[in-house]
>>> print(open('structure.cif').read())   # mmCIF, C-alpha atoms
data_upload
loop_
_atom_site.label_atom_id
_atom_site.label_comp_id
_atom_site.auth_asym_id
_atom_site.auth_seq_id
_atom_site.Cartn_x
_atom_site.Cartn_y
_atom_site.Cartn_z
CA MET A 1 0.00 0.00 0.00
CA LYS A 2 2.94 2.32 0.64
CA ARG A 3 3.99 1.89 -2.98
CA ILE A 4 0.54 2.87 -4.20
CA ALA A 5 0.46 5.95 -1.95
CA LYS A 6 3.90 6.95 -3.17
CA LEU A 7 2.85 6.57 -6.80
CA VAL A 8 -0.28 8.67 -6.37
CA PHE A 9 1.70 11.36 -4.56
CA VAL A 10 4.39 11.45 -7.25
CA VAL A 11 1.90 11.67 -10.10
CA SER A 12 0.03 14.45 -8.31
CA LEU A 13 3.18 16.52 -8.69
CA LEU A 14 3.43 16.04 -12.46
CA THR A 15 1.79 19.32 -13.41
CA LEU A 16 4.07 21.20 -11.01
CA SER A 17 7.09 19.36 -12.42
CA ALA A 18 6.09 20.37 -15.93
CA ILE A 19 5.77 24.00 -14.92
CA LEU A 20 9.12 23.99 -13.12
CA ALA A 21 10.70 22.47 -16.22
CA GLY A 22 9.41 25.34 -18.31
CA ALA A 23 6.47 23.60 -19.95
CA THR A 24 3.06 25.21 -20.29
CA PRO A 25 -0.20 23.28 -20.47
CA ALA A 26 -0.57 24.09 -24.19
CA GLU A 27 2.96 23.03 -25.09
CA ASP A 28 3.21 19.56 -26.63
CA GLN A 29 5.93 17.63 -24.81
CA THR A 30 5.69 14.54 -27.05
CA PRO A 31 9.19 15.21 -28.48
CA LEU A 32 10.61 14.62 -24.97
CA TYR A 33 8.80 11.30 -24.79
CA ASP A 34 10.04 10.46 -28.29
CA GLU A 35 13.63 11.04 -27.17
CA LEU A 36 13.21 8.68 -24.24
CA LEU A 37 11.67 5.92 -26.35
CA GLN A 38 14.36 6.18 -29.02
CA GLN A 39 17.12 6.02 -26.42
CA TYR A 40 15.79 3.40 -24.03
CA VAL A 41 13.54 1.10 -26.07
CA LYS A 42 15.26 -1.25 -28.52
CA ASP A 43 13.33 -3.99 -30.34
CA GLY A 44 10.67 -3.87 -27.65
CA GLN A 45 13.16 -4.28 -24.80
CA VAL A 46 12.97 -1.45 -22.29
CA ASP A 47 15.98 -0.18 -20.36
CA TYR A 48 14.10 0.76 -17.20
CA THR A 49 17.33 1.39 -15.30
CA GLY A 50 18.35 3.97 -17.90
CA LEU A 51 14.87 5.46 -17.91
CA LYS A 52 14.94 5.76 -14.14
CA LYS A 53 17.79 8.26 -14.51
CA LYS A 54 15.61 10.32 -16.88
CA GLU A 55 12.42 10.04 -14.85
CA ALA A 56 12.18 13.82 -14.52
CA GLN A 57 12.02 14.09 -18.32
CA LEU A 58 9.23 11.53 -18.41
CA ASP A 59 7.43 13.53 -15.72
CA VAL A 60 7.45 16.59 -17.96
CA TYR A 61 5.66 14.59 -20.63
CA LEU A 62 3.20 13.23 -18.07
CA GLY A 63 2.64 16.79 -16.93
CA TYR A 64 1.64 17.64 -20.49
CA LEU A 65 -0.83 14.75 -20.51
CA ALA A 66 -2.21 15.89 -17.16
CA THR A 67 -2.96 19.38 -18.46
CA THR A 68 -4.23 18.50 -21.95
CA ASP A 69 -7.90 18.12 -22.78
CA PRO A 70 -8.07 15.24 -25.29
CA ALA A 71 -11.57 16.33 -26.32
CA GLN A 72 -9.92 19.20 -28.19
CA LEU A 73 -7.99 16.78 -30.43
CA SER A 74 -9.08 15.21 -33.72
CA GLU A 75 -10.27 11.60 -33.52
CA LYS A 76 -7.01 10.06 -34.73
CA ASP A 77 -4.90 12.39 -32.60
CA ARG A 78 -7.05 11.52 -29.60
CA PHE A 79 -6.67 7.80 -30.30
CA ALA A 80 -2.89 8.17 -30.46
CA PHE A 81 -2.92 10.40 -27.38
CA PHE A 82 -4.59 7.76 -25.21
CA ILE A 83 -2.31 4.97 -26.48
CA ASN A 84 0.73 7.10 -25.61
CA ALA A 85 -0.78 7.93 -22.24
CA TYR A 86 -1.34 4.26 -21.42
CA ASN A 87 2.21 3.32 -22.37
CA ALA A 88 3.89 6.29 -20.69
CA TYR A 89 2.03 5.83 -17.42
CA THR A 90 2.84 2.11 -17.47
CA ILE A 91 6.51 3.05 -17.68
CA LYS A 92 5.98 5.46 -14.79
CA LEU A 93 4.38 2.67 -12.78
CA ILE A 94 7.48 0.52 -13.21
CA LEU A 95 9.89 3.37 -12.40
CA THR A 96 8.00 4.29 -9.25
CA ASN A 97 8.30 0.72 -7.97
CA PHE A 98 12.07 0.31 -8.12
CA GLU A 99 13.61 -1.32 -5.05
CA ASN A 100 17.33 -1.21 -4.28
CA GLY A 101 17.98 0.27 -7.71
CA GLN A 102 16.15 -2.51 -9.55
CA PRO A 103 12.77 -2.62 -11.30
CA PRO A 104 10.18 -5.21 -10.26
CA ALA A 105 10.49 -8.64 -11.85
CA SER A 106 6.91 -8.32 -13.10
CA ILE A 107 4.25 -5.66 -13.24
CA ASN A 108 2.11 -8.13 -11.29
CA ASP A 109 4.39 -7.54 -8.29
CA ILE A 110 2.98 -4.02 -8.02
CA GLY A 111 -0.12 -3.24 -5.98
CA SER A 112 -1.79 -5.71 -3.65
CA PHE A 113 -4.18 -8.65 -3.61
CA PHE A 114 -7.08 -6.21 -3.55
CA LYS A 115 -5.67 -3.62 -5.98
CA LYS A 116 -3.93 -4.85 -9.11
CA PRO A 117 -1.57 -2.45 -10.94
CA TRP A 118 -4.20 -1.71 -13.58
CA SER A 119 -6.72 -0.55 -10.96
CA ILE A 120 -4.48 2.02 -9.24
CA GLN A 121 -5.82 5.54 -9.71
CA PHE A 122 -2.77 7.54 -10.74
CA VAL A 123 -3.22 8.35 -14.44
CA LYS A 124 -3.69 12.12 -14.80
CA ILE A 125 -5.22 13.34 -18.05
CA GLY A 126 -6.96 16.63 -18.68
CA GLY A 127 -7.37 17.35 -14.98
CA ARG A 128 -9.01 13.99 -14.25
CA THR A 129 -7.62 10.85 -12.62
CA TYR A 130 -7.93 7.41 -14.17
CA THR A 131 -6.63 3.87 -13.81
CA LEU A 132 -4.87 2.06 -16.63
CA ASP A 133 -7.96 -0.14 -16.88
CA ASN A 134 -10.06 3.00 -17.38
CA ILE A 135 -7.88 4.05 -20.29
CA GLU A 136 -7.94 0.65 -21.98
CA HIS A 137 -11.43 -0.66 -21.24
CA ASP A 138 -13.49 2.52 -20.80
CA ILE A 139 -11.88 4.72 -23.44
CA LEU A 140 -9.67 2.99 -26.02
CA ARG A 141 -11.67 -0.15 -26.69
CA PRO A 142 -15.27 1.13 -26.64
CA THR A 143 -14.55 4.53 -28.18
CA PHE A 144 -12.32 3.61 -31.11
CA LYS A 145 -13.43 -0.02 -31.64
CA ASP A 146 -10.18 -1.01 -33.33
CA PRO A 147 -8.77 -4.43 -32.34
CA ARG A 148 -5.32 -3.33 -33.48
CA VAL A 149 -5.09 -1.31 -30.26
CA HIS A 150 -4.19 -4.55 -28.46
CA PHE A 151 -0.89 -4.53 -30.34
CA ALA A 152 -0.15 -0.92 -29.40
CA VAL A 153 -0.80 -0.71 -25.65
CA ASN A 154 2.05 -2.26 -23.70
CA CYS A 155 1.70 -3.99 -20.31
CA ALA A 156 5.46 -4.04 -19.55
CA SER A 157 5.58 -7.83 -20.01
CA LYS A 158 7.47 -10.17 -22.33
CA SER A 159 4.38 -11.66 -23.94
CA CYS A 160 2.87 -8.25 -24.59
CA PRO A 161 3.22 -6.83 -28.11
CA PRO A 162 6.46 -4.82 -28.09
CA LEU A 163 6.59 -1.19 -27.04
CA LEU A 164 7.44 0.98 -30.05
CA SER A 165 10.60 3.09 -30.02
CA GLU A 166 8.49 6.10 -30.98
CA PRO A 167 5.22 7.69 -29.88
CA TYR A 168 2.01 7.15 -31.80
CA SER A 169 0.72 10.04 -33.87
CA GLY A 170 -2.61 10.69 -35.53
CA GLU A 171 -0.84 11.28 -38.84
CA ASN A 172 0.86 7.87 -38.84
CA LEU A 173 -1.55 5.92 -36.66
CA ASP A 174 -2.96 3.54 -39.27
CA GLN A 175 0.48 2.62 -40.54
CA GLN A 176 1.80 2.14 -37.00
CA LEU A 177 -1.15 -0.03 -35.93
CA ASP A 178 -0.95 -2.12 -39.09
CA ALA A 179 2.79 -2.64 -38.73
CA ASN A 180 2.44 -3.61 -35.06
CA THR A 181 -0.35 -6.07 -35.78
CA ARG A 182 1.42 -7.76 -38.67
CA ALA A 183 4.69 -7.99 -36.74
CA PHE A 184 3.03 -9.54 -33.68
CA ILE A 185 1.13 -12.11 -35.73
CA ALA A 186 4.36 -13.02 -37.52
CA ASN A 187 6.18 -13.50 -34.19
CA SER A 188 6.45 -17.28 -33.85
CA GLN A 189 7.16 -17.00 -30.13
CA GLU A 190 3.68 -15.61 -29.54
CA ASN A 191 1.70 -17.08 -32.46
CA ARG A 192 2.47 -20.07 -34.64
CA LEU A 193 0.87 -22.57 -36.99
CA GLU A 194 1.89 -26.17 -36.35
CA GLY A 195 0.12 -28.60 -38.61
CA ASP A 196 -3.58 -27.92 -38.22
CA THR A 197 -3.19 -26.16 -34.86
CA LEU A 198 -2.96 -22.37 -34.71
CA SER A 199 -1.42 -21.45 -31.37
CA VAL A 200 -2.10 -17.82 -30.52
CA SER A 201 -1.51 -15.29 -27.76
CA ALA A 202 -3.90 -15.27 -24.80
CA ILE A 203 -4.80 -11.73 -25.94
CA PHE A 204 -7.13 -13.35 -28.49
CA LYS A 205 -8.93 -15.18 -25.68
CA TRP A 206 -9.15 -12.28 -23.22
CA PHE A 207 -10.56 -9.91 -25.82
CA LYS A 208 -12.30 -12.34 -28.15
CA GLU A 209 -15.25 -9.99 -28.67
CA ASP A 210 -12.88 -7.35 -30.08
CA PHE A 211 -11.79 -9.88 -32.70
CA ALA A 212 -15.42 -10.69 -33.61
CA TYR A 213 -14.97 -14.10 -31.91
CA ASP A 214 -12.90 -15.08 -34.94
CA PRO A 215 -9.13 -15.04 -34.28
CA VAL A 216 -8.53 -17.16 -37.38
CA GLY A 217 -10.27 -14.60 -39.57
CA PHE A 218 -8.18 -11.86 -38.00
CA PHE A 219 -5.01 -13.83 -38.71
CA GLU A 220 -6.05 -14.38 -42.30
CA LYS A 221 -6.49 -10.63 -42.69
CA TYR A 222 -3.12 -9.59 -41.24
CA ALA A 223 -0.83 -12.57 -41.84
CA GLU A 224 1.75 -12.27 -44.59
CA GLY A 225 3.98 -14.52 -46.68
CA ASP A 226 4.10 -18.26 -45.98
CA LEU A 227 1.87 -17.97 -42.91
CA GLN A 228 -0.88 -16.37 -44.97
CA LYS A 229 -0.65 -19.14 -47.59
CA GLU A 230 -0.64 -21.92 -45.00
CA LEU A 231 -3.64 -20.43 -43.19
CA ALA A 232 -5.58 -20.20 -46.44
CA ALA A 233 -4.82 -23.85 -47.20
CA ARG A 234 -6.00 -25.05 -43.76
CA THR A 235 -8.90 -22.72 -42.95
CA ASP A 236 -11.54 -25.45 -42.72
CA GLN A 237 -9.60 -27.77 -40.40
CA LEU A 238 -7.77 -25.36 -38.09
CA LYS A 239 -7.83 -25.95 -34.35
CA LEU A 240 -7.18 -23.03 -32.00
CA LYS A 241 -4.87 -23.16 -28.98
CA TYR A 242 -4.11 -20.30 -26.56
CA LEU A 243 -0.54 -19.96 -25.32
CA ASP A 244 0.57 -19.19 -21.77
CA TYR A 245 1.35 -15.54 -21.09
CA ASP A 246 4.78 -14.52 -19.78
CA TRP A 247 4.34 -11.67 -17.31
CA SER A 248 8.08 -11.21 -16.76
CA LEU A 249 9.26 -7.63 -17.19
CA ASN A 250 9.99 -6.65 -20.80
CA GLY A 251 13.47 -5.32 -20.12
CA LYS A 252 16.00 -4.57 -17.44
#
>>> encode(input="structure.cif", output="structure tokens")
Amino acid sequence: MKRIAKLVFVVSLLTLSAILAGATPAEDQTPLYDELLQQYVKDGQVDYTGLKKKEAQLDVYLGYLATTDPAQLSEKDRFAFFINAYNAYTIKLILTNFENGQPPASINDIGSFFKKPWSIQFVKIGGRTYTLDNIEHDILRPTFKDPRVHFAVNCASKSCPPLLSEPYSGENLDQQLDANTRAFIANSQENRLEGDTLSVSAIFKWFKEDFAYDPVGFFEKYAEGDLQKELAARTDQLKLKYLDYDWSLNGK
């Protein structure tokens, strides 16, 4: 519980941190976030120890999120804004829970039996406070109704679709979401076709309604190359299997 209290207290200072760093509520601090991602995220692996040293820079970006009204953004910009917010605040959650100079072994180590990490109220956006679950399940999924979002939001875990080394933007959002989705489906560690069995990430079970209860159809749409051909040849006899999810931290 002390960790949760500390996190809420730290995030409550984000707007003040942004002001002290010279940011104004109207000033877009996404370039700062971009710098951090480019420097500390490589092929989906996150250098949390390096990020911890630049936590103040992340706080400036979070301060921008805290003082920005997403309702004033275009639909695509708003979609990208909330994806970035989810990912940035997830990073903050990990950084706030360092012990003895080390990040937690898993995001599931954060919180308590009664309050999982996704139900901690610490996400500040537009003057309101949310949980990560609020962002994903109350805003992103029902508002934008795009299953590709599951390959953009990052839960700081190895089995989660990789965190991009750049922020999302309304201008490039479709290309980014498509690329993420195709890359994750092509990742044989998380999804693979073995004979007539299509083994897929547990994401397709947890959010089956988002995939129209048809993971195979989704794979056929976004698979490429040999996988696409093999799926087409086996459509009528495919069996579906869900893989175990690795909640180990996605970095160091």
>>> closest_atom_pairs(input="structure.cif", of="range 112-189 of chain A", to="range 211-222 of chain A", cutoff="12 Å", atoms="only C-alpha atoms", output="JSON lines")
{"residue": "A:Arg141", "atom": "CA", "partner": "A:Phe211", "partner_atom": "CA", "distance": 11.4}
{"residue": "A:Lys145", "atom": "CA", "partner": "A:Phe211", "partner_atom": "CA", "distance": 10.1}
{"residue": "A:Asp146", "atom": "CA", "partner": "A:Phe211", "partner_atom": "CA", "distance": 9.0}
{"residue": "A:Pro147", "atom": "CA", "partner": "A:Phe211", "partner_atom": "CA", "distance": 6.2}
{"residue": "A:Arg148", "atom": "CA", "partner": "A:Phe211", "partner_atom": "CA", "distance": 9.2}
{"residue": "A:Val149", "atom": "CA", "partner": "A:Phe211", "partner_atom": "CA", "distance": 11.1}
{"residue": "A:His150", "atom": "CA", "partner": "A:Phe211", "partner_atom": "CA", "distance": 10.2}
{"residue": "A:Leu177", "atom": "CA", "partner": "A:Tyr222", "partner_atom": "CA", "distance": 11.1}
{"residue": "A:Asp178", "atom": "CA", "partner": "A:Tyr222", "partner_atom": "CA", "distance": 8.1}
{"residue": "A:Ala179", "atom": "CA", "partner": "A:Tyr222", "partner_atom": "CA", "distance": 9.5}
{"residue": "A:Asn180", "atom": "CA", "partner": "A:Tyr222", "partner_atom": "CA", "distance": 10.2}
{"residue": "A:Thr181", "atom": "CA", "partner": "A:Tyr222", "partner_atom": "CA", "distance": 7.1}
{"residue": "A:Arg182", "atom": "CA", "partner": "A:Tyr222", "partner_atom": "CA", "distance": 5.5}
{"residue": "A:Ala183", "atom": "CA", "partner": "A:Tyr222", "partner_atom": "CA", "distance": 9.2}
{"residue": "A:Phe184", "atom": "CA", "partner": "A:Tyr222", "partner_atom": "CA", "distance": 9.7}
{"residue": "A:Ile185", "atom": "CA", "partner": "A:Phe219", "partner_atom": "CA", "distance": 7.0}
{"residue": "A:Ala186", "atom": "CA", "partner": "A:Tyr222", "partner_atom": "CA", "distance": 9.0}
>>> closest_residue(input="structure.cif", among="A:Asp47, A:Ala66, A:Ile139, A:Ala156", to="Ser106 in chain A", atoms="only C-alpha atoms")
A:Ala156
>>> closest_atom_pairs(input="structure.cif", of="range 133-251 of chain A", to="range 107-112 of chain A", cutoff="8 Å", atoms="only C-alpha atoms", output="JSON lines")
{"residue": "A:Cys155", "atom": "CA", "partner": "A:Ile107", "partner_atom": "CA", "distance": 7.7}
{"residue": "A:Ala156", "atom": "CA", "partner": "A:Ile107", "partner_atom": "CA", "distance": 6.6}
{"residue": "A:Ser157", "atom": "CA", "partner": "A:Ile107", "partner_atom": "CA", "distance": 7.2}
{"residue": "A:Trp247", "atom": "CA", "partner": "A:Ile107", "partner_atom": "CA", "distance": 7.3}
{"residue": "A:Ser248", "atom": "CA", "partner": "A:Ile107", "partner_atom": "CA", "distance": 7.6}
{"residue": "A:Leu249", "atom": "CA", "partner": "A:Ile107", "partner_atom": "CA", "distance": 6.7}
>>> closest_residue(input="structure.cif", among="A:Leu227, A:Ala88, A:Leu173, A:Leu58", to="Leu32 in chain A", atoms="all atoms listed in the file")
A:Leu58
>>> atom_distance(input="structure.cif", atom1="CA of Pro167 in chain A", atom2="CA of Thr143 in chain A")
20.1 Å
>>> atom_distance(input="structure.cif", atom1="CA of Leu62 in chain A", atom2="CA of Asn87 in chain A")
10.8 Å
>>> residues_around(input="structure.cif", residues="range 116-132 of chain A", least_positions_apart="2", cutoff="7 Å", atoms="all atoms listed in the file", output="PyMOL selection string")
chain A and resi 7-8+11+65-70+86+89+108+110-114+134-136
>>> atom_distance(input="structure.cif", atom1="CA of Phe151 in chain A", atom2="CA of Leu163 in chain A")
8.8 Å
>>> resolve_selection(input="structure.cif", expression="the PyMOL selection byres ((chain A and resi 29) around 9)", output="VMD selection string")
chain A and resid 23 27 to 28 30 to 34 60 to 65
>>> closest_residue(input="structure.cif", among="A:Val200, A:Ala223, A:Leu36, A:Val46", to="Lys252 in chain A", atoms="only C-alpha atoms")
A:Val46
>>> closest_residue(input="structure.cif", among="A:Gln38, A:Gln57, A:Gln45, A:Ser169", to="Phe82 in chain A", atoms="all atoms listed in the file")
A:Ser169
>>> closest_residue(input="structure.cif", among="A:Leu193, A:Ser159, A:Asp226, A:Lys208", to="Tyr245 in chain A", atoms="all atoms listed in the file")
A:Ser159
>>> closest_residue(input="structure.cif", among="A:Asn250, A:Asn154, A:Gln228, A:Asn191", to="Phe204 in chain A", atoms="only C-alpha atoms")
A:Asn191
>>> axis_aligned_box(input="structure.cif", around="range 188-205 of chain A", padding_each_side="6 Å", output="lines of an AutoDock Vina configuration file")
center_x = -0.9
center_y = -20.2
center_z = -31.7
size_x = 28.1
size_y = 28.9
size_z = 25.8
>>> decode(input="structure.cif", residues="range 161-179 of chain A", atoms="N, CA and C atoms", output="PDB file, in the first residue's frame")
ATOM      1  N   PRO A 161       2.662  -7.406 -26.881  1.00  0.00           N
ATOM      2  CA  PRO A 161       3.222  -6.830 -28.105  1.00  0.00           C
ATOM      3  C   PRO A 161       4.228  -5.739 -27.758  1.00  0.00           C
ATOM      4  N   PRO A 162       5.363  -5.702 -28.461  1.00  0.00           N
ATOM      5  CA  PRO A 162       6.460  -4.821 -28.086  1.00  0.00           C
ATOM      6  C   PRO A 162       6.094  -3.337 -28.048  1.00  0.00           C
ATOM      7  N   LEU A 163       6.706  -2.640 -27.106  1.00  0.00           N
ATOM      8  CA  LEU A 163       6.590  -1.191 -27.042  1.00  0.00           C
ATOM      9  C   LEU A 163       7.381  -0.591 -28.201  1.00  0.00           C
ATOM     10  N   LEU A 164       6.750   0.317 -28.939  1.00  0.00           N
ATOM     11  CA  LEU A 164       7.441   0.976 -30.048  1.00  0.00           C
ATOM     12  C   LEU A 164       8.528   1.915 -29.533  1.00  0.00           C
ATOM     13  N   SER A 165       9.525   2.153 -30.366  1.00  0.00           N
ATOM     14  CA  SER A 165      10.595   3.093 -30.021  1.00  0.00           C
ATOM     15  C   SER A 165      10.251   4.507 -30.452  1.00  0.00           C
ATOM     16  N   GLU A 166       8.972   4.767 -30.611  1.00  0.00           N
ATOM     17  CA  GLU A 166       8.486   6.100 -30.984  1.00  0.00           C
ATOM     18  C   GLU A 166       7.065   6.252 -30.479  1.00  0.00           C
ATOM     19  N   PRO A 167       6.613   7.480 -30.277  1.00  0.00           N
ATOM     20  CA  PRO A 167       5.219   7.687 -29.877  1.00  0.00           C
ATOM     21  C   PRO A 167       4.283   7.430 -31.060  1.00  0.00           C
ATOM     22  N   TYR A 168       3.031   7.243 -30.753  1.00  0.00           N
ATOM     23  CA  TYR A 168       2.013   7.153 -31.798  1.00  0.00           C
ATOM     24  C   TYR A 168       1.581   8.566 -32.159  1.00  0.00           C
ATOM     25  N   SER A 169       1.181   8.729 -33.414  1.00  0.00           N
ATOM     26  CA  SER A 169       0.719  10.038 -33.868  1.00  0.00           C
ATOM     27  C   SER A 169      -0.507   9.834 -34.738  1.00  0.00           C
ATOM     28  N   GLY A 170      -1.420  10.783 -34.705  1.00  0.00           N
ATOM     29  CA  GLY A 170      -2.610  10.686 -35.530  1.00  0.00           C
ATOM     30  C   GLY A 170      -2.274  10.557 -37.001  1.00  0.00           C
ATOM     31  N   GLU A 171      -1.241  11.279 -37.434  1.00  0.00           N
ATOM     32  CA  GLU A 171      -0.844  11.280 -38.845  1.00  0.00           C
ATOM     33  C   GLU A 171      -0.401   9.902 -39.320  1.00  0.00           C
ATOM     34  N   ASN A 172       0.297   9.157 -38.437  1.00  0.00           N
ATOM     35  CA  ASN A 172       0.862   7.871 -38.837  1.00  0.00           C
ATOM     36  C   ASN A 172       0.164   6.683 -38.170  1.00  0.00           C
ATOM     37  N   LEU A 173      -0.948   6.933 -37.522  1.00  0.00           N
ATOM     38  CA  LEU A 173      -1.546   5.921 -36.664  1.00  0.00           C
ATOM     39  C   LEU A 173      -1.907   4.642 -37.407  1.00  0.00           C
ATOM     40  N   ASP A 174      -2.570   4.738 -38.537  1.00  0.00           N
ATOM     41  CA  ASP A 174      -2.961   3.538 -39.268  1.00  0.00           C
ATOM     42  C   ASP A 174      -1.762   2.691 -39.664  1.00  0.00           C
ATOM     43  N   GLN A 175      -0.725   3.359 -40.148  1.00  0.00           N
ATOM     44  CA  GLN A 175       0.484   2.624 -40.537  1.00  0.00           C
ATOM     45  C   GLN A 175       1.138   1.965 -39.321  1.00  0.00           C
ATOM     46  N   GLN A 176       1.186   2.688 -38.202  1.00  0.00           N
ATOM     47  CA  GLN A 176       1.796   2.138 -37.005  1.00  0.00           C
ATOM     48  C   GLN A 176       1.004   0.939 -36.473  1.00  0.00           C
ATOM     49  N   LEU A 177      -0.318   1.069 -36.436  1.00  0.00           N
ATOM     50  CA  LEU A 177      -1.145  -0.025 -35.934  1.00  0.00           C
ATOM     51  C   LEU A 177      -1.064  -1.240 -36.844  1.00  0.00           C
ATOM     52  N   ASP A 178      -1.073  -1.012 -38.150  1.00  0.00           N
ATOM     53  CA  ASP A 178      -0.955  -2.124 -39.093  1.00  0.00           C
ATOM     54  C   ASP A 178       0.386  -2.839 -38.934  1.00  0.00           C
ATOM     55  N   ALA A 179       1.453  -2.061 -38.856  1.00  0.00           N
ATOM     56  CA  ALA A 179       2.785  -2.644 -38.728  1.00  0.00           C
ATOM     57  C   ALA A 179       2.908  -3.443 -37.438  1.00  0.00           C
TER      58      ALA A 179
END
